[in-house]
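Q: My structure is stored as query14.json, with JSON, C-alpha atoms.
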[["chain", "number", "residue", "atom", "x", "y", "z"],
["A", 1, "MET", "CA", 0.00, 0.00, 0.00],
["A", 2, "LYS", "CA", 2.84, 2.35, 0.87],
["A", 3, "ASN", "CA", 4.48, 1.70, -2.50],
["A", 4, "GLN", "CA", 1.21, 2.44, -4.33],
["A", 5, "GLN", "CA", 0.87, 5.72, -2.43],
["A", 6, "MET", "CA", 4.45, 6.69, -3.25],
["A", 7, "ILE", "CA", 3.96, 5.81, -6.93],
["A", 8, "PHE", "CA", 0.71, 7.82, -7.00],
["A", 9, "PHE", "CA", 2.46, 10.75, -5.28],
["A", 10, "PHE", "CA", 5.35, 10.72, -7.79],
["A", 11, "LEU", "CA", 2.96, 10.45, -10.73],
["A", 12, "LEU", "CA", 0.96, 13.38, -9.35],
["A", 13, "LEU", "CA", 4.14, 15.41, -8.78],
["A", 14, "PHE", "CA", 5.43, 14.57, -12.25],
["A", 15, "GLY", "CA", 2.07, 15.54, -13.78],
["A", 16, "CYS", "CA", 2.08, 18.89, -11.97],
["A", 17, "MET", "CA", 5.63, 19.63, -13.08],
["A", 18, "ALA", "CA", 4.88, 18.65, -16.66],
["A", 19, "SER", "CA", 1.80, 20.83, -16.82],
["A", 20, "GLY", "CA", 3.76, 23.79, -15.43],
["A", 21, "CYS", "CA", 6.19, 23.54, -18.32],
["A", 22, "SER", "CA", 3.60, 23.10, -21.05],
["A", 23, "LYS", "CA", 3.72, 25.20, -24.17],
["A", 24, "ASP", "CA", 0.27, 26.54, -23.38],
["A", 25, "SER", "CA", 1.54, 28.66, -20.50],
["A", 26, "PRO", "CA", 1.15, 32.37, -21.17],
["A", 27, "THR", "CA", 4.16, 34.28, -22.43],
["A", 28, "PRO", "CA", 4.77, 37.81, -21.23],
["A", 29, "ALA", "CA", 3.16, 40.42, -23.46],
["A", 30, "PRO", "CA", 5.50, 42.76, -25.32],
["A", 31, "PRO", "CA", 5.60, 46.35, -24.05],
["A", 32, "ALA", "CA", 2.66, 48.47, -25.14],
["A", 33, "ILE", "CA", 3.55, 50.81, -27.96],
["A", 34, "GLY", "CA", 1.41, 53.15, -30.02],
["A", 35, "LYS", "CA", 0.72, 53.02, -33.72],
["A", 36, "GLU", "CA", 3.68, 54.22, -35.75],
["A", 37, "GLN", "CA", 3.10, 57.47, -37.62],
["A", 38, "TYR", "CA", 5.14, 58.38, -40.69],
["A", 39, "VAL", "CA", 5.20, 62.05, -41.63],
["A", 40, "ARG", "CA", 6.29, 62.63, -45.24],
["A", 41, "ASP", "CA", 7.37, 65.78, -47.07],
["A", 42, "LEU", "CA", 6.45, 68.12, -44.20],
["A", 43, "ASN", "CA", 7.30, 71.49, -45.70],
["A", 44, "ASN", "CA", 7.16, 75.14, -44.66],
["A", 45, "GLY", "CA", 6.17, 76.39, -48.11],
["A", 46, "THR", "CA", 9.72, 76.91, -49.35],
["A", 47, "SER", "CA", 12.15, 74.76, -51.24],
["A", 48, "VAL", "CA", 15.85, 75.21, -51.90],
["A", 49, "THR", "CA", 18.55, 73.19, -53.63],
["A", 50, "GLY", "CA", 22.31, 73.34, -53.38],
["A", 51, "ARG", "CA", 24.07, 74.32, -50.20],
["A", 52, "PRO", "CA", 21.47, 75.07, -47.48],
["A", 53, "GLU", "CA", 21.87, 78.59, -46.11],
["A", 54, "GLY", "CA", 20.01, 80.76, -43.63],
["A", 55, "ASN", "CA", 17.24, 79.87, -41.25],
["A", 56, "ALA", "CA", 14.06, 78.32, -42.62],
["A", 57, "ALA", "CA", 10.58, 79.36, -41.47],
["A", 58, "PRO", "CA", 9.68, 77.22, -38.43],
["A", 59, "ILE", "CA", 7.22, 74.34, -38.63],
["A", 60, "TYR", "CA", 5.31, 73.66, -35.39],
["A", 61, "PHE", "CA", 4.10, 70.09, -34.91],
["A", 62, "SER", "CA", 1.97, 68.20, -32.40],
["A", 63, "LEU", "CA", 2.97, 64.58, -31.88],
["A", 64, "GLN", "CA", -0.14, 64.11, -29.78],
["A", 65, "GLU", "CA", -2.46, 65.26, -32.59],
["A", 66, "ASN", "CA", -0.24, 64.24, -35.54],
["A", 67, "LYS", "CA", -0.56, 67.58, -37.29],
["A", 68, "VAL", "CA", 1.05, 70.93, -38.02],
["A", 69, "MET", "CA", 0.14, 73.65, -35.53],
["A", 70, "GLN", "CA", 0.36, 77.42, -35.37],
["A", 71, "LYS", "CA", 3.01, 79.09, -33.21],
["A", 72, "ASP", "CA", 0.45, 80.10, -30.56],
["A", 73, "ASP", "CA", -1.14, 76.62, -30.45],
["A", 74, "ASN", "CA", -0.19, 73.76, -28.14],
["A", 75, "TRP", "CA", 2.61, 72.27, -30.27],
["A", 76, "ASP", "CA", 5.15, 69.72, -29.01],
["A", 77, "ILE", "CA", 8.16, 70.23, -31.28],
["A", 78, "ALA", "CA", 9.23, 72.76, -33.88],
["A", 79, "PHE", "CA", 11.60, 72.42, -36.82],
["A", 80, "SER", "CA", 13.64, 75.54, -37.55],
["A", 81, "GLY", "CA", 17.16, 76.68, -38.33],
["A", 82, "LEU", "CA", 19.19, 75.61, -41.33],
["A", 83, "ALA", "CA", 16.85, 73.65, -43.67],
["A", 84, "ASN", "CA", 14.57, 73.00, -40.68],
["A", 85, "THR", "CA", 17.14, 70.63, -39.17],
["A", 86, "GLN", "CA", 17.02, 72.10, -35.67],
["A", 87, "ILE", "CA", 14.34, 70.46, -33.52],
["A", 88, "ILE", "CA", 13.05, 72.45, -30.55],
["A", 89, "SER", "CA", 10.81, 71.21, -27.76],
["A", 90, "ASN", "CA", 8.03, 73.48, -26.50],
["A", 91, "SER", "CA", 9.49, 74.21, -23.05],
["A", 92, "LYS", "CA", 6.66, 76.68, -22.33],
["A", 93, "ALA", "CA", 4.28, 73.69, -22.43],
["A", 94, "ASN", "CA", 6.74, 71.59, -20.35],
["A", 95, "VAL", "CA", 7.76, 69.46, -23.36],
["A", 96, "TRP", "CA", 11.31, 68.11, -23.19],
["A", 97, "MET", "CA", 13.41, 65.88, -25.38],
["A", 98, "GLU", "CA", 16.68, 64.01, -25.48],
["A", 99, "VAL", "CA", 18.65, 62.16, -28.15],
["A", 100, "LEU", "CA", 20.08, 58.73, -27.37],
["A", 101, "ASN", "CA", 22.39, 56.39, -29.22],
["A", 102, "SER", "CA", 19.59, 53.83, -29.28],
["A", 103, "PRO", "CA", 18.17, 52.23, -32.44],
["A", 104, "TYR", "CA", 14.60, 53.39, -33.05],
["A", 105, "ASP", "CA", 13.38, 49.89, -33.94],
["A", 106, "LYS", "CA", 14.71, 48.49, -30.66],
["A", 107, "SER", "CA", 13.33, 51.22, -28.40],
["A", 108, "HIS", "CA", 10.11, 49.73, -27.06],
["A", 109, "SER", "CA", 9.79, 51.30, -23.62],
["A", 110, "LYS", "CA", 10.17, 54.69, -21.99],
["A", 111, "PRO", "CA", 13.82, 55.47, -21.32],
["A", 112, "SER", "CA", 15.01, 56.52, -17.87],
["A", 113, "LEU", "CA", 15.84, 60.13, -18.70],
["A", 114, "PRO", "CA", 15.54, 63.29, -16.61],
["A", 115, "PHE", "CA", 13.62, 65.18, -19.33],
["A", 116, "ASN", "CA", 14.25, 68.64, -17.94],
["A", 117, "GLN", "CA", 15.54, 72.01, -19.01],
["A", 118, "SER", "CA", 19.12, 71.33, -17.98],
["A", 119, "THR", "CA", 19.43, 68.28, -20.23],
["A", 120, "SER", "CA", 17.18, 68.92, -23.21],
["A", 121, "GLY", "CA", 15.72, 71.54, -25.49],
["A", 122, "ASN", "CA", 17.31, 71.89, -28.93],
["A", 123, "VAL", "CA", 18.49, 68.99, -31.07],
["A", 124, "ALA", "CA", 20.38, 69.38, -34.33],
["A", 125, "TYR", "CA", 23.99, 68.89, -35.40],
["A", 126, "GLY", "CA", 26.87, 67.79, -33.20],
["A", 127, "GLU", "CA", 27.52, 65.10, -30.63],
["A", 128, "GLN", "CA", 23.92, 65.11, -29.36],
["A", 129, "GLY", "CA", 22.43, 65.86, -32.76],
["A", 130, "TRP", "CA", 20.47, 63.71, -35.16],
["A", 131, "TYR", "CA", 22.29, 64.46, -38.45],
["A", 132, "ILE", "CA", 25.66, 64.86, -40.10],
["A", 133, "TYR", "CA", 26.53, 67.41, -42.76],
["A", 134, "ASP", "CA", 28.97, 66.52, -45.53],
["A", 135, "VAL", "CA", 30.91, 69.70, -46.37],
["A", 136, "LEU", "CA", 32.02, 68.32, -49.73],
["A", 137, "THR", "CA", 28.63, 67.23, -51.07],
["A", 138, "HIS", "CA", 26.46, 69.56, -48.92],
["A", 139, "VAL", "CA", 24.21, 66.60, -48.08],
["A", 140, "ILE", "CA", 22.53, 66.29, -44.70],
["A", 141, "SER", "CA", 22.01, 62.70, -43.51],
["A", 142, "PRO", "CA", 20.43, 61.27, -40.35],
["A", 143, "VAL", "CA", 22.84, 59.50, -38.00],
["A", 144, "LYS", "CA", 21.95, 55.81, -37.86],
["A", 145, "GLY", "CA", 21.12, 54.53, -34.39],
["A", 146, "LYS", "CA", 19.98, 57.90, -33.01],
["A", 147, "THR", "CA", 16.51, 58.20, -31.51],
["A", 148, "ILE", "CA", 14.90, 61.37, -30.23],
["A", 149, "PHE", "CA", 12.69, 60.92, -27.15],
["A", 150, "VAL", "CA", 10.06, 63.54, -26.33],
["A", 151, "LYS", "CA", 8.09, 63.84, -23.10],
["A", 152, "THR", "CA", 5.04, 66.09, -23.25],
["A", 153, "GLY", "CA", 3.60, 68.22, -20.46],
["A", 154, "ASN", "CA", 0.97, 65.55, -19.75],
["A", 155, "ASN", "CA", 3.69, 62.85, -19.39],
["A", 156, "ARG", "CA", 3.21, 61.16, -22.76],
["A", 157, "VAL", "CA", 6.50, 59.87, -24.22],
["A", 158, "PHE", "CA", 7.25, 59.53, -27.93],
["A", 159, "LYS", "CA", 10.23, 58.23, -29.86],
["A", 160, "ILE", "CA", 11.20, 59.88, -33.16],
["A", 161, "MET", "CA", 13.48, 58.80, -35.98],
["A", 162, "MET", "CA", 14.40, 61.40, -38.57],
["A", 163, "VAL", "CA", 14.47, 59.85, -42.05],
["A", 164, "SER", "CA", 15.26, 62.69, -44.48],
["A", 165, "ILE", "CA", 14.98, 66.42, -45.19],
["A", 166, "TYR", "CA", 14.80, 65.93, -48.96],
["A", 167, "GLN", "CA", 11.66, 65.96, -51.11],
["A", 168, "GLY", "CA", 10.50, 62.38, -51.66],
["A", 169, "ALA", "CA", 13.17, 61.06, -49.24],
["A", 170, "PRO", "CA", 15.58, 59.71, -51.89],
["A", 171, "GLU", "CA", 17.81, 56.89, -50.66],
["A", 172, "PHE", "CA", 20.94, 58.69, -51.88],
["A", 173, "PRO", "CA", 20.21, 62.46, -51.87],
["A", 174, "THR", "CA", 22.37, 65.00, -53.65],
["A", 175, "LYS", "CA", 22.62, 68.76, -53.29],
["A", 176, "GLU", "CA", 20.29, 69.04, -56.31],
["A", 177, "ASP", "CA", 17.40, 67.49, -54.33],
["A", 178, "PRO", "CA", 15.05, 70.09, -52.80],
["A", 179, "VAL", "CA", 15.35, 70.45, -49.00],
["A", 180, "THR", "CA", 13.06, 71.47, -46.13],
["A", 181, "PHE", "CA", 10.83, 68.44, -46.81],
["A", 182, "LEU", "CA", 10.92, 66.62, -43.48],
["A", 183, "HIS", "CA", 10.37, 62.88, -43.21],
["A", 184, "PHE", "CA", 10.19, 61.24, -39.80],
["A", 185, "LYS", "CA", 8.64, 58.30, -37.98],
["A", 186, "TYR", "CA", 7.34, 58.38, -34.45],
["A", 187, "GLN", "CA", 5.49, 56.24, -31.93],
["A", 188, "GLU", "CA", 4.13, 56.71, -28.44],
["A", 189, "LEU", "CA", 5.68, 54.57, -25.70],
["A", 190, "PHE", "CA", 3.37, 53.45, -22.90],
["A", 191, "SER", "CA", 5.63, 51.51, -20.55]]
What would you get if you wrote out this structure as structure tokens?

A:
Amino acid sequence: MKNQQMIFFFLLLFGCMASGCSKDSPTPAPPAIGKEQYVRDLNNGTSVTGRPEGNAAPIYFSLQENKVMQKDDNWDIAFSGLANTQIISNSKANVWMEVLNSPYDKSHSKPSLPFNQSTSGNVAYGEQGWYIYDVLTHVISPVKGKTIFVKTGNNRVFKIMMVSIYQGAPEFPTKEDPVTFLHFKYQELFS
């Protein structure tokens, strides 16, 4: 009788262990992420070719509403400066941003960043910038592996990847391609 009880116990234990390792057990859900938006040929009404010079008219944009805004509206970021390559966060509305060496496609959750005035604000060229400028060809290209993170005043966080500033986003732009046509992808991060 004792042997039958021990055999039953081991069979029960083995059955419980086997069912705990079954393929039907739930797998953790991937982090929640918003629908990707792709903005194409966002333009300020002007177009130039050749070497970009001077500051372009700003473009104010709401990531939350996915549309161009007026200067006095509740915009999140603005594109200004040389060929609209400078990205500015709306600090008056408590919107902050930072650029990380983090691939856009692998950024699935909110980064641990301070998002404050002392660490963010304007993003363009340079070590913390999103693009490089080739002085020989006068072509502006996004830096691969750079992602811009924006935190809005109501604590929503978005990731942005700049794709191109050339009309139609050609794969290999030249200085003959018209500029100030912004192309970028972005998504909201929830966790």

Q: Calculate how many Å separate atom CA of A:Lys159 from atom CA of A:Ser141, rounding to one decimal.

A: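 Computing the Euclidean distance for atom CA of A:Lys159 and atom CA of A:Ser141 yields 18.6 Å.
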
Q: Using only C-alpha atoms, which residues sit within 12 Å of A:Gln70 once same-chain residues fewer than 3 positions away are excluded, as a PyMOL selection string?

A: chain A and resi 44+58-62+67+73-78

Q: What does the distance from atom CA of A:Pro173 to atom CA of A:Gln187 come to in Å, to one decimal?

A: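 If I compute the distance from atom CA of A:Pro173 to atom CA of A:Gln187, I get 25.6 Å.
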
Q: For a cut-off of 9 Å around (10.3, 47.6, -28.3), file coordinates, pick out all residues using all atoms listed in the file and list them as a PDB file with C-alpha atoms, keeping the file's coordinate frame.

A:
ATOM      1  CA  PRO A  30       5.500  42.760 -25.320  1.00  0.00           C
ATOM      2  CA  PRO A  31       5.600  46.350 -24.050  1.00  0.00           C
ATOM      3  CA  ALA A  32       2.660  48.470 -25.140  1.00  0.00           C
ATOM      4  CA  ILE A  33       3.550  50.810 -27.960  1.00  0.00           C
ATOM      5  CA  TYR A 104      14.600  53.390 -33.050  1.00  0.00           C
ATOM      6  CA  ASP A 105      13.380  49.890 -33.940  1.00  0.00           C
ATOM      7  CA  LYS A 106      14.710  48.490 -30.660  1.00  0.00           C
ATOM      8  CA  SER A 107      13.330  51.220 -28.400  1.00  0.00           C
ATOM      9  CA  HIS A 108      10.110  49.730 -27.060  1.00  0.00           C
ATOM     10  CA  SER A 109       9.790  51.300 -23.620  1.00  0.00           C
ATOM     11  CA  LEU A 189       5.680  54.570 -25.700  1.00  0.00           C
TER      12      LEU A 189
END

Q: With all atoms listed in the file as the counted atoms, please give the residues lying no more than 12 Å from A:Pro52, apart from itself and same-chain residues fewer than 2 positions off, as a PDB file with C-alpha atoms, in the frame of the given file.

A:
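New file part-v8.pdb:
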ATOM      1  CA  SER A  47      12.150  74.760 -51.240  1.00  0.00           C
ATOM      2  CA  VAL A  48      15.850  75.210 -51.900  1.00  0.00           C
ATOM      3  CA  THR A  49      18.550  73.190 -53.630  1.00  0.00           C
ATOM      4  CA  GLY A  50      22.310  73.340 -53.380  1.00  0.00           C
ATOM      5  CA  GLY A  54      20.010  80.760 -43.630  1.00  0.00           C
ATOM      6  CA  ASN A  55      17.240  79.870 -41.250  1.00  0.00           C
ATOM      7  CA  ALA A  56      14.060  78.320 -42.620  1.00  0.00           C
ATOM      8  CA  GLY A  81      17.160  76.680 -38.330  1.00  0.00           C
ATOM      9  CA  LEU A  82      19.190  75.610 -41.330  1.00  0.00           C
ATOM     10  CA  ALA A  83      16.850  73.650 -43.670  1.00  0.00           C
ATOM     11  CA  ASN A  84      14.570  73.000 -40.680  1.00  0.00           C
ATOM     12  CA  THR A  85      17.140  70.630 -39.170  1.00  0.00           C
ATOM     13  CA  TYR A 133      26.530  67.410 -42.760  1.00  0.00           C
ATOM     14  CA  ASP A 134      28.970  66.520 -45.530  1.00  0.00           C
ATOM     15  CA  VAL A 135      30.910  69.700 -46.370  1.00  0.00           C
ATOM     16  CA  THR A 137      28.630  67.230 -51.070  1.00  0.00           C
ATOM     17  CA  HIS A 138      26.460  69.560 -48.920  1.00  0.00           C
ATOM     18  CA  VAL A 139      24.210  66.600 -48.080  1.00  0.00           C
ATOM     19  CA  ILE A 140      22.530  66.290 -44.700  1.00  0.00           C
ATOM     20  CA  ILE A 165      14.980  66.420 -45.190  1.00  0.00           C
ATOM     21  CA  TYR A 166      14.800  65.930 -48.960  1.00  0.00           C
ATOM     22  CA  THR A 174      22.370  65.000 -53.650  1.00  0.00           C
ATOM     23  CA  LYS A 175      22.620  68.760 -53.290  1.00  0.00           C
ATOM     24  CA  GLU A 176      20.290  69.040 -56.310  1.00  0.00           C
ATOM     25  CA  ASP A 177      17.400  67.490 -54.330  1.00  0.00           C
ATOM     26  CA  PRO A 178      15.050  70.090 -52.800  1.00  0.00           C
ATOM     27  CA  VAL A 179      15.350  70.450 -49.000  1.00  0.00           C
ATOM     28  CA  THR A 180      13.060  71.470 -46.130  1.00  0.00           C
TER      29      THR A 180
END

Q: Which residue is closest to A:Gln37? Choose from A:Gly153, A:Glu65, A:Ile87, A:Tyr131 and count all atoms listed in the file.

A: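 So, comparing all the options, the nearest one is A:Glu65.
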
Q: Identify which of the residues A:Met97, A:Val150, A:Val163, A:Val143 lies closest to A:Gln64, counting all atoms listed in the file when measuring atom-to-atom distances.

A: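 The closest residue to A:Gln64 is A:Val150.
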
Q: As an exercise, work out the distance from atom CA of A:Gln128 to atom CA of A:Pro114 in Å and give it to one decimal place.

A: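 Spanning atom CA of A:Gln128 to atom CA of A:Pro114 is a straight-line distance of 15.4 Å.
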
Q: Determine the nearest neighbour of A:Ser80 from the options A:Phe149, A:Asn116, A:Leu182, A:Ser164, counting all atoms listed in the file.

A: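 Checking each of A:Phe149, A:Asn116, A:Leu182, A:Ser164 against A:Ser80, counting all atoms listed in the file, the winner is A:Leu182.
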
Q: Just want the 8 Å neighbourhood of A:Arg156, counted on only C-alpha atoms, with same-chain residues fewer than 4 positions away dropped. Output as a PyMOL selection string.

A: chain A and resi 151-152+188-190

Q: Smallest atom-to-atom distance to A:Val99: which of A:Ser191, A:Thr147, A:Asn154, A:Gln86, using only C-alpha atoms?

A: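 So, comparing all the options, the nearest one is A:Thr147.
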
Q: So, with all atoms listed in the file as the atoms that count, which of A:Asn101, A:Lys110, A:Pro142, A:Leu42 lies closest to A:Asn66?

A: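 Result for the nearest residue to A:Asn66: A:Leu42.
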
Q: I want to know what sits within 6 Å of A:Ile160, based on only C-alpha atoms, with residues of the same chain fewer than 5 positions away left out; could you give that as a ChimeraX atom specification?

A: /A:147-148,185-186
